[in-house]
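Engineer: Have a peek at model34.pdb (PDB, C-alpha atoms).
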```
MODEL        1
ATOM      1  CA  MET A  73     -10.764  -7.006 -16.145
ATOM      2  CA  ILE A  74      -8.674  -5.246 -13.524
ATOM      3  CA  SER A  75      -5.042  -6.297 -13.302
ATOM      4  CA  SER A  76      -3.792  -7.148  -9.836
ATOM      5  CA  LYS A  77      -0.707  -8.828  -8.493
ATOM      6  CA  ILE A  78       0.080 -11.077  -5.568
ATOM      7  CA  LEU A  79       3.756 -10.552  -5.027
ATOM      8  CA  ILE A  80       6.897 -12.290  -3.857
ATOM      9  CA  MET A  81       7.981 -11.286  -0.363
ATOM     10  CA  LYS A  82      10.911  -8.868  -0.683
ATOM     11  CA  VAL A  83      11.642  -5.684   1.256
ATOM     12  CA  LEU A  84      11.532  -2.641  -1.038
ATOM     13  CA  THR A  85      12.062   1.054  -0.403
ATOM     14  CA  ILE A  86       9.130   3.391  -0.931
ATOM     15  CA  GLU A  87      10.837   4.752  -4.066
ATOM     16  CA  GLN A  88      11.092   1.233  -5.506
ATOM     17  CA  ILE A  89       7.453   0.560  -4.654
ATOM     18  CA  ARG A  90       6.332   3.755  -6.400
ATOM     19  CA  THR A  91       8.418   2.840  -9.470
ATOM     20  CA  LEU A  92       7.229  -0.763  -9.702
ATOM     21  CA  TYR A  93       3.556  -0.047  -8.933
ATOM     22  CA  PRO A  94       2.662   3.399 -10.308
ATOM     23  CA  ASP A  95      -0.853   4.688  -9.591
ATOM     24  CA  GLN A  96      -1.804   1.601  -7.586
ATOM     25  CA  TRP A  97      -3.034   0.751  -4.118
ATOM     26  CA  VAL A  98      -0.322  -1.256  -2.372
ATOM     27  CA  LEU A  99      -0.592  -3.380   0.780
ATOM     28  CA  ILE A 100       2.729  -3.284   2.667
ATOM     29  CA  SER A 101       3.584  -5.500   5.627
ATOM     30  CA  ASN A 102       5.974  -4.712   8.462
ATOM     31  CA  PRO A 103       6.682  -1.166   7.248
ATOM     32  CA  GLU A 104       9.845   0.614   8.311
ATOM     33  CA  LEU A 105       9.007   4.116   9.529
ATOM     34  CA  SER A 106      11.403   7.037   9.874
ATOM     35  CA  ASP A 107      10.165   7.929  13.374
ATOM     36  CA  PRO A 108       7.087   6.124  14.674
ATOM     37  CA  SER A 109       6.729   8.542  17.598
ATOM     38  CA  ILE A 110       6.069  11.545  15.329
ATOM     39  CA  ASN A 111       2.381  12.256  14.928
ATOM     40  CA  ALA A 112       2.070  12.368  11.115
ATOM     41  CA  SER A 113       0.672  10.248   8.314
ATOM     42  CA  ILE A 114       2.145   6.796   7.749
ATOM     43  CA  VAL A 115       2.888   7.620   4.108
ATOM     44  CA  SER A 116       5.110  10.563   5.036
ATOM     45  CA  LYS A 117       7.125   8.361   7.436
ATOM     46  CA  LEU A 118       7.330   5.198   5.296
ATOM     47  CA  ILE A 119      10.874   4.177   4.332
ATOM     48  CA  ALA A 120      10.497   0.542   3.233
ATOM     49  CA  GLY A 121       8.382  -2.577   3.597
ATOM     50  CA  THR A 122       7.351  -5.888   2.102
ATOM     51  CA  VAL A 123       4.743  -5.615  -0.647
ATOM     52  CA  LEU A 124       1.972  -8.175  -0.190
ATOM     53  CA  PHE A 125      -0.452  -7.071  -2.900
ATOM     54  CA  ALA A 126      -0.945  -4.312  -5.458
ATOM     55  CA  SER A 127      -4.001  -3.333  -7.475
ATOM     56  CA  LYS A 128      -5.451  -0.385  -9.335
ATOM     57  CA  ASP A 129      -8.756  -1.132  -7.590
ATOM     58  CA  LYS A 130      -8.924  -0.144  -3.921
ATOM     59  CA  ARG A 131     -11.880  -2.451  -3.278
ATOM     60  CA  GLU A 132      -9.988  -5.467  -4.570
ATOM     61  CA  LEU A 133      -7.128  -4.668  -2.199
ATOM     62  CA  ALA A 134      -9.583  -4.312   0.678
ATOM     63  CA  TYR A 135     -11.097  -7.746  -0.027
ATOM     64  CA  LYS A 136      -7.679  -9.432  -0.302
ATOM     65  CA  ALA A 137      -6.102  -7.569   2.627
ATOM     66  CA  ASN A 138      -7.713  -9.611   5.374
ATOM     67  CA  GLU A 139      -6.395 -12.948   4.135
ATOM     68  CA  LEU A 140      -2.967 -11.616   3.110
ATOM     69  CA  ARG A 141      -2.121  -9.770   6.304
ATOM     70  CA  GLN A 142      -2.788 -12.707   8.662
ATOM     71  CA  PRO A 143       0.840 -13.822   9.220
ATOM     72  CA  THR A 144       2.200 -10.271   9.584
ATOM     73  CA  ASP A 145       2.315  -7.996  12.622
ATOM     74  CA  PHE A 146       1.471  -4.680  10.993
ATOM     75  CA  THR A 147       0.276  -3.638   7.533
ATOM     76  CA  VAL A 148      -0.364  -0.343   5.783
ATOM     77  CA  CYS A 149      -2.161   0.520   2.570
ATOM     78  CA  VAL A 150      -0.717   3.301   0.399
ATOM     79  CA  PHE A 151      -1.588   4.820  -2.955
ATOM     80  CA  THR A 152       1.475   5.368  -5.139
ATOM     81  CA  GLY A 153      -0.070   7.962  -7.439
ATOM     82  CA  THR A 154      -1.275  11.487  -6.866
ATOM     83  CA  PHE A 155      -4.767  12.342  -5.735
ATOM     84  CA  VAL A 156      -7.005  14.676  -7.677
ATOM     85  CA  LYS A 157      -7.579  17.852  -5.690
ATOM     86  CA  ASN A 158     -10.941  18.009  -3.878
ATOM     87  CA  ARG A 159     -11.619  14.303  -4.397
ATOM     88  CA  LEU A 160     -13.548  12.529  -1.658
ATOM     89  CA  PHE A 161     -12.608   8.990  -0.568
ATOM     90  CA  LEU A 162     -14.997   6.957   1.535
ATOM     91  CA  LEU A 163     -13.743   4.163   3.755
TER
ENDMDL
END
```
Do you think you could lay out the structure here as C-alpha coordinates?

Structural biologist:
Amino acid sequence: MISSKILIMKVLTIEQIRTLYPDQWVLISNPELSDPSINASIVSKLIAGTVLFASKDKRELAYKANELRQPTDFTVCVFTGTFVKNRLFLL
(Lines of atoms letter the chains of each structure in order from A and count residues from 1; the text may use other names and numbers.)
(Lines give C-alpha, C1' and ligand atoms only; values in the text may rest on other atoms or scores of the structure.)
Protein backbone atom coordinates (compact mmCIF):
# COMPACT_ATOMS: atom_id res chain seq x y z
CA MET A 1 0.00 0.00 0.00
CA ILE A 2 1.29 3.45 -0.89
CA SER A 3 1.59 5.91 1.97
CA SER A 4 0.03 9.30 1.38
CA LYS A 5 -0.82 12.23 3.59
CA ILE A 6 -3.55 14.83 3.69
CA LEU A 7 -1.99 17.65 5.61
CA ILE A 8 -2.80 20.48 7.98
CA MET A 9 -2.84 23.89 6.33
CA LYS A 10 0.40 25.69 7.25
CA VAL A 11 2.68 27.81 5.08
CA LEU A 12 6.10 26.17 4.69
CA THR A 13 9.23 27.21 2.83
CA ILE A 14 10.40 25.04 -0.04
CA GLU A 15 13.32 23.85 2.10
CA GLN A 16 10.92 22.72 4.83
CA ILE A 17 8.74 20.97 2.26
CA ARG A 18 11.73 19.10 0.82
CA THR A 19 12.81 18.07 4.34
CA LEU A 20 9.38 16.92 5.49
CA TYR A 21 8.41 15.16 2.24
CA PRO A 22 11.56 13.73 0.63
CA ASP A 23 11.16 12.07 -2.78
CA GLN A 24 7.43 12.80 -2.93
CA TRP A 25 4.99 14.59 -5.19
CA VAL A 26 3.58 17.56 -3.28
CA LEU A 27 0.50 19.65 -4.08
CA ILE A 28 1.07 23.24 -2.90
CA SER A 29 -1.63 25.92 -2.79
CA ASN A 30 -1.14 29.67 -3.10
CA PRO A 31 2.60 29.41 -3.77
CA GLU A 32 4.86 32.37 -3.12
CA LEU A 33 7.13 32.95 -6.11
CA SER A 34 10.36 34.93 -6.17
CA ASP A 35 9.40 36.84 -9.33
CA PRO A 36 6.28 35.72 -11.19
CA SER A 37 7.16 37.85 -14.23
CA ILE A 38 10.34 35.87 -14.98
CA ASN A 39 9.79 33.22 -17.61
CA ALA A 40 11.18 30.13 -15.83
CA SER A 41 9.89 26.97 -14.19
CA ILE A 42 7.66 27.30 -11.14
CA VAL A 43 9.97 25.07 -9.10
CA SER A 44 12.94 27.38 -9.60
CA LYS A 45 10.88 30.38 -8.41
CA LEU A 46 9.02 28.71 -5.52
CA ILE A 47 9.76 30.22 -2.09
CA ALA A 48 6.90 28.93 0.09
CA GLY A 49 3.34 27.66 0.05
CA THR A 50 0.67 25.66 1.84
CA VAL A 51 0.99 21.90 1.42
CA LEU A 52 -2.36 20.30 0.61
CA PHE A 53 -1.27 16.74 -0.13
CA ALA A 54 1.87 14.63 -0.49
CA SER A 55 2.37 11.18 -1.96
CA LYS A 56 5.07 8.99 -3.44
CA ASP A 57 2.62 8.13 -6.22
CA LYS A 58 2.06 10.87 -8.81
CA ARG A 59 -1.21 9.31 -9.97
CA GLU A 60 -2.66 9.38 -6.47
CA LEU A 61 -1.83 13.08 -6.23
CA ALA A 62 -3.45 13.69 -9.61
CA TYR A 63 -6.68 11.98 -8.51
CA LYS A 64 -6.82 13.89 -5.20
CA ALA A 65 -5.73 17.24 -6.65
CA ASN A 66 -9.07 18.17 -8.18
CA GLU A 67 -11.02 17.89 -4.93
CA LEU A 68 -8.28 19.41 -2.75
CA ARG A 69 -7.57 22.49 -4.83
CA GLN A 70 -11.20 23.68 -5.06
CA PRO A 71 -11.07 26.39 -2.34
CA THR A 72 -7.67 27.75 -3.43
CA ASP A 73 -6.79 30.26 -6.13
CA PHE A 74 -3.64 28.67 -7.51
CA THR A 75 -1.90 25.33 -6.99
CA VAL A 76 1.35 23.77 -8.15
CA CYS A 77 2.64 20.22 -8.07
CA VAL A 78 6.34 19.67 -7.35
CA PHE A 79 8.57 16.64 -6.90
CA THR A 80 10.93 17.00 -3.94
CA GLY A 81 13.46 14.40 -5.07
CA THR A 82 15.85 14.26 -7.98
CA PHE A 83 14.93 12.90 -11.37
CA VAL A 84 16.86 10.11 -13.02
CA LYS A 85 18.66 11.43 -16.09
CA ASN A 86 16.93 10.63 -19.40
CA ARG A 87 13.70 9.59 -17.70
CA LEU A 88 10.48 10.31 -19.57
CA PHE A 89 7.37 11.55 -17.73
CA LEU A 90 4.00 11.48 -19.43
CA LEU A 91 1.23 13.82 -18.36

Engineer: Using the chain letters and residue numbers of this document, give as a tab-separated table (two decimals) with C-alpha atoms, keeping the file's coordinate frame the residues selected by the PyMOL selection byres ((chain A and resi 94) around 12).

Structural biologist:
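Contents of selection_19.tsv, freshly written:
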```
chain	number	residue	atom	x	y	z
A	86	ILE	CA	9.13	3.39	-0.93
A	87	GLU	CA	10.84	4.75	-4.07
A	88	GLN	CA	11.09	1.23	-5.51
A	89	ILE	CA	7.45	0.56	-4.65
A	90	ARG	CA	6.33	3.76	-6.40
A	91	THR	CA	8.42	2.84	-9.47
A	92	LEU	CA	7.23	-0.76	-9.70
A	93	TYR	CA	3.56	-0.05	-8.93
A	95	ASP	CA	-0.85	4.69	-9.59
A	96	GLN	CA	-1.80	1.60	-7.59
A	97	TRP	CA	-3.03	0.75	-4.12
A	98	VAL	CA	-0.32	-1.26	-2.37
A	126	ALA	CA	-0.94	-4.31	-5.46
A	127	SER	CA	-4.00	-3.33	-7.48
A	128	LYS	CA	-5.45	-0.38	-9.34
A	150	VAL	CA	-0.72	3.30	0.40
A	151	PHE	CA	-1.59	4.82	-2.96
A	152	THR	CA	1.48	5.37	-5.14
A	153	GLY	CA	-0.07	7.96	-7.44
A	154	THR	CA	-1.27	11.49	-6.87
```

Engineer: So that I can see what lies close to Ser113 of chain A, please list as a list in words the residues with an atom at most 12 Å from it, counting all atoms listed in the file and leaving out residues fewer than 5 positions away in the same chain.

Structural biologist: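 The filter keeps Leu105, Ser106, Asp107, Pro108, Leu118, Val148, Cys149 and Val150 of chain A.
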
Engineer: Have a look at atom CA of Arg141 of chain A and atom CA of Ser116 of chain A and let me know their distance in Å, one decimal.

Structural biologist: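 So the two atoms, atom CA of Arg141 of chain A and atom CA of Ser116 of chain A, lie 21.6 Å apart.
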
Engineer: As a PyMOL selection string, please: the residues near Ile100 of chain A (cut-off 7 Å, only C-alpha atoms, same-chain neighbours under 4 positions excluded).

Structural biologist: chain A and resi 121-124+147-149

Engineer: Kindly give the distance, in Å, that separates atom CA of Tyr135 of chain A and atom CA of Leu99 of chain A, rounded to a single decimal.

Structural biologist: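 For atom CA of Tyr135 of chain A relative to atom CA of Leu99 of chain A, the distance reads 11.4 Å.
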